[in-house]
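Pasting protein_34.pdb here (PDB, C-alpha atoms):
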```
ATOM      1  CA  MET A   1       0.000   0.000   0.000  1.00  0.00           C
ATOM      2  CA  PRO A   2       1.243   3.595  -0.518  1.00  0.00           C
ATOM      3  CA  PRO A   3       2.903   5.336   2.447  1.00  0.00           C
ATOM      4  CA  THR A   4       0.665   7.411   4.705  1.00  0.00           C
ATOM      5  CA  LYS A   5       1.291  11.102   4.117  1.00  0.00           C
ATOM      6  CA  PRO A   6       0.887  13.531   7.014  1.00  0.00           C
ATOM      7  CA  LEU A   7      -2.115  15.819   6.774  1.00  0.00           C
ATOM      8  CA  GLU A   8       0.137  18.802   7.335  1.00  0.00           C
ATOM      9  CA  SER A   9       3.904  19.058   6.893  1.00  0.00           C
ATOM     10  CA  PRO A  10       5.518  18.280  10.241  1.00  0.00           C
ATOM     11  CA  ARG A  11       8.976  19.722  10.707  1.00  0.00           C
ATOM     12  CA  LEU A  12      11.624  17.040  10.880  1.00  0.00           C
ATOM     13  CA  ALA A  13      15.269  17.350  11.879  1.00  0.00           C
ATOM     14  CA  LEU A  14      17.583  14.630  10.576  1.00  0.00           C
ATOM     15  CA  ILE A  15      20.851  14.262  12.481  1.00  0.00           C
ATOM     16  CA  GLY A  16      23.266  12.051  10.580  1.00  0.00           C
ATOM     17  CA  ALA A  17      23.348  11.705   6.798  1.00  0.00           C
ATOM     18  CA  GLY A  18      25.402   8.562   6.277  1.00  0.00           C
ATOM     19  CA  LEU A  19      24.147   5.620   4.220  1.00  0.00           C
ATOM     20  CA  LEU A  20      20.989   5.053   6.277  1.00  0.00           C
ATOM     21  CA  GLY A  21      20.434   8.712   7.133  1.00  0.00           C
ATOM     22  CA  ALA A  22      20.660   9.838   3.512  1.00  0.00           C
ATOM     23  CA  ALA A  23      18.155   7.190   2.438  1.00  0.00           C
ATOM     24  CA  LEU A  24      15.797   8.219   5.240  1.00  0.00           C
ATOM     25  CA  GLY A  25      16.114  11.858   4.247  1.00  0.00           C
ATOM     26  CA  GLU A  26      15.110  11.044   0.677  1.00  0.00           C
ATOM     27  CA  ARG A  27      12.055   9.111   1.847  1.00  0.00           C
ATOM     28  CA  PHE A  28      10.994  11.842   4.301  1.00  0.00           C
ATOM     29  CA  LEU A  29      11.224  14.450   1.558  1.00  0.00           C
ATOM     30  CA  ALA A  30       9.197  12.279  -0.833  1.00  0.00           C
ATOM     31  CA  ALA A  31       6.529  11.813   1.858  1.00  0.00           C
ATOM     32  CA  GLY A  32       6.062  15.561   2.251  1.00  0.00           C
ATOM     33  CA  PHE A  33       7.901  16.277   5.497  1.00  0.00           C
ATOM     34  CA  ALA A  34       9.702  19.592   5.926  1.00  0.00           C
ATOM     35  CA  VAL A  35      13.232  18.258   6.517  1.00  0.00           C
ATOM     36  CA  THR A  36      16.314  19.972   7.909  1.00  0.00           C
ATOM     37  CA  VAL A  37      19.547  17.978   8.038  1.00  0.00           C
ATOM     38  CA  PHE A  38      22.767  18.251  10.012  1.00  0.00           C
ATOM     39  CA  ASP A  39      25.868  16.106   9.702  1.00  0.00           C
ATOM     40  CA  THR A  40      29.381  16.763  10.979  1.00  0.00           C
ATOM     41  CA  ALA A  41      30.550  15.904   7.447  1.00  0.00           C
ATOM     42  CA  SER A  42      29.280  18.922   5.522  1.00  0.00           C
ATOM     43  CA  SER A  43      29.526  17.063   2.191  1.00  0.00           C
ATOM     44  CA  ARG A  44      26.864  14.600   3.343  1.00  0.00           C
ATOM     45  CA  ALA A  45      24.458  17.374   4.282  1.00  0.00           C
ATOM     46  CA  ALA A  46      25.224  19.130   0.998  1.00  0.00           C
ATOM     47  CA  SER A  47      24.285  15.996  -0.924  1.00  0.00           C
ATOM     48  CA  LEU A  48      20.818  16.034   0.631  1.00  0.00           C
ATOM     49  CA  ALA A  49      20.584  19.806   0.250  1.00  0.00           C
ATOM     50  CA  SER A  50      20.984  19.324  -3.503  1.00  0.00           C
ATOM     51  CA  LEU A  51      17.674  17.433  -3.407  1.00  0.00           C
ATOM     52  CA  GLY A  52      15.882  20.347  -1.748  1.00  0.00           C
ATOM     53  CA  ILE A  53      16.414  19.503   1.914  1.00  0.00           C
ATOM     54  CA  SER A  54      17.415  22.385   4.168  1.00  0.00           C
ATOM     55  CA  SER A  55      20.711  22.140   6.039  1.00  0.00           C
ATOM     56  CA  ALA A  56      21.584  23.567   9.452  1.00  0.00           C
ATOM     57  CA  PRO A  57      24.949  24.676  10.861  1.00  0.00           C
ATOM     58  CA  SER A  58      24.547  22.599  14.032  1.00  0.00           C
ATOM     59  CA  ALA A  59      22.422  19.840  15.528  1.00  0.00           C
ATOM     60  CA  ASP A  60      20.708  22.149  18.006  1.00  0.00           C
ATOM     61  CA  ALA A  61      19.895  24.651  15.232  1.00  0.00           C
ATOM     62  CA  ALA A  62      18.280  21.887  13.193  1.00  0.00           C
ATOM     63  CA  CYS A  63      16.101  20.863  16.142  1.00  0.00           C
ATOM     64  CA  ARG A  64      14.784  24.176  17.456  1.00  0.00           C
ATOM     65  CA  ASP A  65      11.417  24.036  15.632  1.00  0.00           C
ATOM     66  CA  ALA A  66      11.205  20.292  14.964  1.00  0.00           C
ATOM     67  CA  ASP A  67       8.212  18.058  15.590  1.00  0.00           C
ATOM     68  CA  PHE A  68      10.431  14.986  15.101  1.00  0.00           C
ATOM     69  CA  VAL A  69      14.181  14.611  15.500  1.00  0.00           C
ATOM     70  CA  VAL A  70      15.498  11.542  13.690  1.00  0.00           C
ATOM     71  CA  LEU A  71      18.931  10.292  14.689  1.00  0.00           C
ATOM     72  CA  SER A  72      20.934   8.059  12.344  1.00  0.00           C
ATOM     73  CA  LEU A  73      24.328   7.820  14.001  1.00  0.00           C
ATOM     74  CA  PRO A  74      27.201   5.313  14.279  1.00  0.00           C
ATOM     75  CA  ASP A  75      26.479   4.095  17.833  1.00  0.00           C
ATOM     76  CA  SER A  76      24.562   4.821  21.035  1.00  0.00           C
ATOM     77  CA  THR A  77      27.515   6.651  22.622  1.00  0.00           C
ATOM     78  CA  ILE A  78      27.298   9.285  19.905  1.00  0.00           C
ATOM     79  CA  SER A  79      23.502   9.317  20.138  1.00  0.00           C
ATOM     80  CA  SER A  80      23.744   9.983  23.870  1.00  0.00           C
ATOM     81  CA  ALA A  81      26.125  12.910  23.366  1.00  0.00           C
ATOM     82  CA  VAL A  82      23.951  14.408  20.617  1.00  0.00           C
ATOM     83  CA  VAL A  83      20.714  14.091  22.604  1.00  0.00           C
ATOM     84  CA  ALA A  84      22.346  15.650  25.668  1.00  0.00           C
ATOM     85  CA  ALA A  85      23.452  18.581  23.498  1.00  0.00           C
ATOM     86  CA  ILE A  86      20.117  19.172  21.769  1.00  0.00           C
ATOM     87  CA  ALA A  87      17.830  18.523  24.760  1.00  0.00           C
ATOM     88  CA  PRO A  88      17.806  22.159  25.971  1.00  0.00           C
ATOM     89  CA  HIS A  89      16.788  23.343  22.499  1.00  0.00           C
ATOM     90  CA  LEU A  90      13.988  20.889  21.732  1.00  0.00           C
ATOM     91  CA  PRO A  91      10.334  21.978  21.581  1.00  0.00           C
ATOM     92  CA  SER A  92       8.492  20.353  24.488  1.00  0.00           C
ATOM     93  CA  ALA A  93       6.354  18.131  22.247  1.00  0.00           C
ATOM     94  CA  ALA A  94       9.153  16.995  19.912  1.00  0.00           C
ATOM     95  CA  ILE A  95       9.781  13.251  19.637  1.00  0.00           C
ATOM     96  CA  VAL A  96      13.337  12.000  19.285  1.00  0.00           C
ATOM     97  CA  VAL A  97      13.323   8.969  16.967  1.00  0.00           C
ATOM     98  CA  ASP A  98      16.607   7.091  17.222  1.00  0.00           C
ATOM     99  CA  THR A  99      17.322   4.733  14.309  1.00  0.00           C
ATOM    100  CA  THR A 100      20.876   4.144  15.529  1.00  0.00           C
ATOM    101  CA  THR A 101      21.894   0.541  16.145  1.00  0.00           C
ATOM    102  CA  GLY A 102      22.884   0.817  19.790  1.00  0.00           C
ATOM    103  CA  GLU A 103      23.128  -0.872  23.162  1.00  0.00           C
ATOM    104  CA  PRO A 104      19.673  -1.296  24.789  1.00  0.00           C
ATOM    105  CA  GLY A 105      20.737  -0.025  28.207  1.00  0.00           C
ATOM    106  CA  ALA A 106      22.209   3.076  26.599  1.00  0.00           C
ATOM    107  CA  MET A 107      18.942   3.662  24.751  1.00  0.00           C
ATOM    108  CA  GLU A 108      17.081   3.570  28.059  1.00  0.00           C
ATOM    109  CA  SER A 109      19.495   6.147  29.485  1.00  0.00           C
ATOM    110  CA  ILE A 110      19.096   8.387  26.441  1.00  0.00           C
ATOM    111  CA  ALA A 111      15.315   8.231  26.842  1.00  0.00           C
ATOM    112  CA  ARG A 112      15.623   9.854  30.257  1.00  0.00           C
ATOM    113  CA  LEU A 113      17.268  12.938  28.723  1.00  0.00           C
ATOM    114  CA  VAL A 114      14.178  14.061  26.793  1.00  0.00           C
ATOM    115  CA  PRO A 115      10.400  13.992  27.376  1.00  0.00           C
ATOM    116  CA  ARG A 116       9.607  11.835  24.306  1.00  0.00           C
ATOM    117  CA  TYR A 117      11.938   9.218  22.824  1.00  0.00           C
ATOM    118  CA  VAL A 118      11.471   6.192  20.560  1.00  0.00           C
ATOM    119  CA  ASP A 119      14.260   3.785  19.684  1.00  0.00           C
ATOM    120  CA  ALA A 120      13.390   2.703  16.164  1.00  0.00           C
ATOM    121  CA  THR A 121      15.988   0.259  14.935  1.00  0.00           C
ATOM    122  CA  VAL A 122      15.796  -0.767  11.296  1.00  0.00           C
ATOM    123  CA  ALA A 123      16.123  -4.254   9.804  1.00  0.00           C
ATOM    124  CA  GLY A 124      17.337  -3.773   6.244  1.00  0.00           C
ATOM    125  CA  SER A 125      19.781  -1.820   4.109  1.00  0.00           C
ATOM    126  CA  SER A 126      19.808   1.782   2.920  1.00  0.00           C
ATOM    127  CA  GLN A 127      18.707   0.595  -0.530  1.00  0.00           C
ATOM    128  CA  GLN A 128      15.786  -1.246   1.043  1.00  0.00           C
ATOM    129  CA  VAL A 129      14.862   1.987   2.851  1.00  0.00           C
ATOM    130  CA  ARG A 130      14.679   3.694  -0.540  1.00  0.00           C
ATOM    131  CA  GLU A 131      12.441   0.855  -1.720  1.00  0.00           C
ATOM    132  CA  ARG A 132      10.303   1.114   1.440  1.00  0.00           C
ATOM    133  CA  ASN A 133      11.103  -2.503   2.185  1.00  0.00           C
ATOM    134  CA  VAL A 134      12.474  -2.539   5.749  1.00  0.00           C
ATOM    135  CA  LEU A 135      11.083  -3.403   9.170  1.00  0.00           C
ATOM    136  CA  VAL A 136      11.088  -1.034  12.134  1.00  0.00           C
ATOM    137  CA  MET A 137      11.475  -2.440  15.650  1.00  0.00           C
ATOM    138  CA  ALA A 138      10.286   0.337  17.948  1.00  0.00           C
ATOM    139  CA  GLY A 139      10.562   0.837  21.678  1.00  0.00           C
ATOM    140  CA  GLY A 140       8.739   3.620  23.494  1.00  0.00           C
ATOM    141  CA  ALA A 141       5.449   4.817  24.924  1.00  0.00           C
ATOM    142  CA  ASP A 142       2.346   3.730  23.020  1.00  0.00           C
ATOM    143  CA  SER A 143       1.323   7.306  22.240  1.00  0.00           C
ATOM    144  CA  ASP A 144       4.792   8.220  20.954  1.00  0.00           C
ATOM    145  CA  VAL A 145       5.101   5.179  18.694  1.00  0.00           C
ATOM    146  CA  THR A 146       1.608   5.857  17.334  1.00  0.00           C
ATOM    147  CA  ALA A 147       2.524   9.490  16.659  1.00  0.00           C
ATOM    148  CA  CYS A 148       5.557   8.297  14.676  1.00  0.00           C
ATOM    149  CA  GLN A 149       3.510   6.036  12.387  1.00  0.00           C
ATOM    150  CA  PRO A 150       3.355   8.494   9.421  1.00  0.00           C
ATOM    151  CA  LEU A 151       7.125   8.835   9.736  1.00  0.00           C
ATOM    152  CA  PHE A 152       7.632   5.071   9.703  1.00  0.00           C
ATOM    153  CA  ASP A 153       5.156   4.619   6.862  1.00  0.00           C
ATOM    154  CA  SER A 154       7.340   6.790   4.645  1.00  0.00           C
ATOM    155  CA  PHE A 155      10.183   4.255   4.582  1.00  0.00           C
ATOM    156  CA  ALA A 156       9.096   0.948   6.195  1.00  0.00           C
ATOM    157  CA  SER A 157       6.837  -1.859   5.042  1.00  0.00           C
ATOM    158  CA  ARG A 158       6.044  -2.951   8.593  1.00  0.00           C
ATOM    159  CA  VAL A 159       6.439  -1.638  12.150  1.00  0.00           C
ATOM    160  CA  PHE A 160       6.626  -3.728  15.317  1.00  0.00           C
ATOM    161  CA  HIS A 161       6.097  -2.008  18.676  1.00  0.00           C
ATOM    162  CA  CYS A 162       8.317  -4.190  20.853  1.00  0.00           C
ATOM    163  CA  GLY A 163       7.751  -2.554  24.242  1.00  0.00           C
ATOM    164  CA  PRO A 164       9.152   0.389  26.236  1.00  0.00           C
ATOM    165  CA  CYS A 165      12.294   2.344  25.363  1.00  0.00           C
ATOM    166  CA  GLY A 166      15.160  -0.037  24.678  1.00  0.00           C
ATOM    167  CA  ALA A 167      12.919  -2.865  23.486  1.00  0.00           C
ATOM    168  CA  GLY A 168      13.513  -2.045  19.826  1.00  0.00           C
ATOM    169  CA  ALA A 169      17.277  -2.307  20.321  1.00  0.00           C
ATOM    170  CA  ARG A 170      16.847  -5.615  22.174  1.00  0.00           C
ATOM    171  CA  MET A 171      14.757  -7.005  19.332  1.00  0.00           C
ATOM    172  CA  LYS A 172      17.418  -6.015  16.804  1.00  0.00           C
ATOM    173  CA  LEU A 173      20.022  -7.870  18.876  1.00  0.00           C
ATOM    174  CA  VAL A 174      17.869 -11.002  18.656  1.00  0.00           C
ATOM    175  CA  ASN A 175      17.324 -10.533  14.925  1.00  0.00           C
ATOM    176  CA  ASN A 176      21.010  -9.866  14.201  1.00  0.00           C
ATOM    177  CA  LEU A 177      22.164 -12.809  16.314  1.00  0.00           C
ATOM    178  CA  LEU A 178      19.902 -15.189  14.429  1.00  0.00           C
ATOM    179  CA  ALA A 179      21.052 -13.764  11.089  1.00  0.00           C
ATOM    180  CA  GLY A 180      24.676 -14.201  12.161  1.00  0.00           C
ATOM    181  CA  ILE A 181      24.088 -17.790  13.247  1.00  0.00           C
ATOM    182  CA  ASN A 182      22.418 -18.566   9.907  1.00  0.00           C
ATOM    183  CA  LEU A 183      25.308 -16.955   8.021  1.00  0.00           C
ATOM    184  CA  ALA A 184      27.953 -18.888   9.971  1.00  0.00           C
ATOM    185  CA  ALA A 185      26.092 -22.179   9.592  1.00  0.00           C
ATOM    186  CA  GLY A 186      25.607 -21.580   5.878  1.00  0.00           C
ATOM    187  CA  ALA A 187      29.317 -20.865   5.398  1.00  0.00           C
ATOM    188  CA  GLU A 188      30.265 -24.078   7.216  1.00  0.00           C
ATOM    189  CA  VAL A 189      27.881 -26.159   5.106  1.00  0.00           C
ATOM    190  CA  LEU A 190      29.128 -24.665   1.833  1.00  0.00           C
ATOM    191  CA  ALA A 191      32.736 -25.248   2.885  1.00  0.00           C
ATOM    192  CA  MET A 192      31.899 -28.869   3.634  1.00  0.00           C
ATOM    193  CA  GLY A 193      30.215 -29.202   0.250  1.00  0.00           C
ATOM    194  CA  GLN A 194      33.275 -27.850  -1.529  1.00  0.00           C
ATOM    195  CA  ARG A 195      35.453 -30.381   0.273  1.00  0.00           C
ATOM    196  CA  LEU A 196      33.072 -33.056  -1.042  1.00  0.00           C
ATOM    197  CA  GLY A 197      33.633 -31.760  -4.552  1.00  0.00           C
ATOM    198  CA  LEU A 198      30.306 -29.985  -5.073  1.00  0.00           C
ATOM    199  CA  ASP A 199      29.963 -26.796  -7.109  1.00  0.00           C
ATOM    200  CA  PRO A 200      29.288 -23.775  -4.816  1.00  0.00           C
ATOM    201  CA  GLN A 201      26.824 -22.115  -7.206  1.00  0.00           C
ATOM    202  CA  LEU A 202      24.901 -25.351  -7.618  1.00  0.00           C
ATOM    203  CA  MET A 203      24.771 -25.787  -3.839  1.00  0.00           C
ATOM    204  CA  LEU A 204      23.273 -22.322  -3.459  1.00  0.00           C
ATOM    205  CA  GLU A 205      20.628 -23.073  -6.080  1.00  0.00           C
ATOM    206  CA  VAL A 206      19.691 -26.409  -4.508  1.00  0.00           C
ATOM    207  CA  VAL A 207      19.595 -25.077  -0.949  1.00  0.00           C
ATOM    208  CA  GLY A 208      17.631 -22.019  -2.063  1.00  0.00           C
ATOM    209  CA  ALA A 209      14.999 -24.203  -3.680  1.00  0.00           C
ATOM    210  CA  SER A 210      14.665 -26.717  -0.857  1.00  0.00           C
ATOM    211  CA  SER A 211      14.127 -27.067   2.895  1.00  0.00           C
ATOM    212  CA  GLY A 212      17.695 -25.894   3.561  1.00  0.00           C
ATOM    213  CA  GLN A 213      16.759 -22.297   2.689  1.00  0.00           C
ATOM    214  CA  SER A 214      16.964 -19.865   5.620  1.00  0.00           C
TER
END
```
Starting from the file, lay out its structure as structure tokens.
Amino acid sequence: MPPTKPLESPRLALIGAGLLGAALGERFLAAGFAVTVFDTASSRAASLASLGISSAPSADAACRDADFVVLSLPDSTISSAVVAAIAPHLPSAAIVVDTTTGEPGAMESIARLVPRYVDATVAGSSQQVRERNVLVMAGGADSDVTACQPLFDSFASRVFHCGPCGAGARMKLVNNLLAGINLAAGAEVLAMGQRLGLDPQLMLEVVGASSGQS
């Protein structure tokens, strides 16, 4: 189904314009949000600015009038520092939406720095974000996650509310662990097959078409 567009144009600050952040920025713009971006690498912000997204000279400047502040940062340590810096400048009703892959306990600590916070980890790649083919695993208050739904609809095919703040990050740990186990097991099986003289490409085709697919 097509993404849900907001009735008005909520103001959205995007902090972090790396691979995931840039893809999110493109989707937010396409969905009709009024987006302002900040990244410590000015070239990244400039790339989004070339698409019509406003850029700000600092994170706190980007957030001053925002309804949503979306973080897409390398880790939860950086997220914590950024949220601590922008907290005094946030509008009281603004929701911080943290898509950073971080440590669940750190996400809980970050949530205590601002009135409204949702950890919204993403399962999928930046290209899948552009295709609106990722899952969101969200942790936060019911009302905050519900308020973020138009935001999520702009880039995700499905959203799971996993519980309170930190629950989204915990769910991503579970998901990533299982994916890693599957990857390691698959590599071991293919290595064994090669030692038995089987063609790797043929093994992939057979496994992909049978009960061995994962």
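Residues lying within 10 Å of Val114 in chain A, counting all atoms listed in the file and ignoring same-chain neighbours fewer than 4 positions away, are Val83, Ala84, Ile86, Ala87, Pro88, Leu90, Ser92, Ala93, Ala94, Ile95, Val96, Ser109 and Ile110 of chain A.
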**Asked** How would you write, as JSON, numbers by chain, the residues chosen by the PyMOL selection byres ((chain A and resi 168) around 7) on this structure?
**Response** {"A": [119, 120, 121, 137, 138, 139, 162, 166, 167, 169, 170, 171, 172]}
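CA of Ile15 in chain A lies 11.9 Å from CA of Ser42 in chain A.
Interatomic distance, CA of Asp144 in chain A to CA of Leu51 in chain A: 29.1 Å.
Between Val129 in chain A and the candidates A:Ser157, A:Ser214, A:Ser43, A:Ser9, the tightest atom-to-atom separation, counting all atoms listed in the file, involves A:Ser157.
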**Item:** Between CA of Cys165 in chain A and CA of Gly105 in chain A, distance in Å (one decimal)
**Value:** 9.2 Å
Tell me which protein, DNA and RNA residues are within 9 Å of His89 in chain A, counting all atoms listed in the file, leaving out same-chain ones fewer than 4 positions away, and put them as a compact mmCIF listing (two decimals) with C-alpha atoms, keeping the file's coordinate frame.
```txt
# COMPACT_ATOMS: atom_id res chain seq x y z
CA ASP A 60 20.71 22.15 18.01
CA ALA A 61 19.90 24.65 15.23
CA CYS A 63 16.10 20.86 16.14
CA ARG A 64 14.78 24.18 17.46
CA ASP A 65 11.42 24.04 15.63
CA ALA A 85 23.45 18.58 23.50
```
Taking all atoms of range 166-185 of chain A that the file lists and extending 4 Å past them on each side, where is the centre of the axis-aligned box and how long are its edges? Answer in Å to one decimal, as AutoDock Vina command-line options.
```
--center_x 20.4 --center_y -11.1 --center_z 16.3 --size_x 23.0 --size_y 30.1 --size_z 24.7
```
**Prompt:** Quick one: which residues end up in the PyMOL selection byres ((chain A and resi 29) around 12) for this structure, as JSON, numbers by chain?
**Reply:** {"A": [5, 6, 9, 10, 11, 12, 13, 14, 22, 23, 24, 25, 26, 27, 28, 30, 31, 32, 33, 34, 35, 36, 37, 48, 49, 51, 52, 53, 54, 130, 151, 154, 155]}
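When all atoms listed in the file are used to compute distances to Ala123 in chain A, the closest of the residues A:Gln149, A:Asn176, A:Thr40, A:Ser72 turns out to be A:Asn176.
Counting all atoms listed in the file and comparing A:Gly18, A:Glu103, A:Thr77, A:Val97, the residue that lies closest to Pro115 in chain A is A:Val97.
Of the listed residues (A:Leu71, A:Val122, A:Ala147, A:Ala45), A:Val122 comes nearest to Asn175 in chain A; the distances count all atoms listed in the file.
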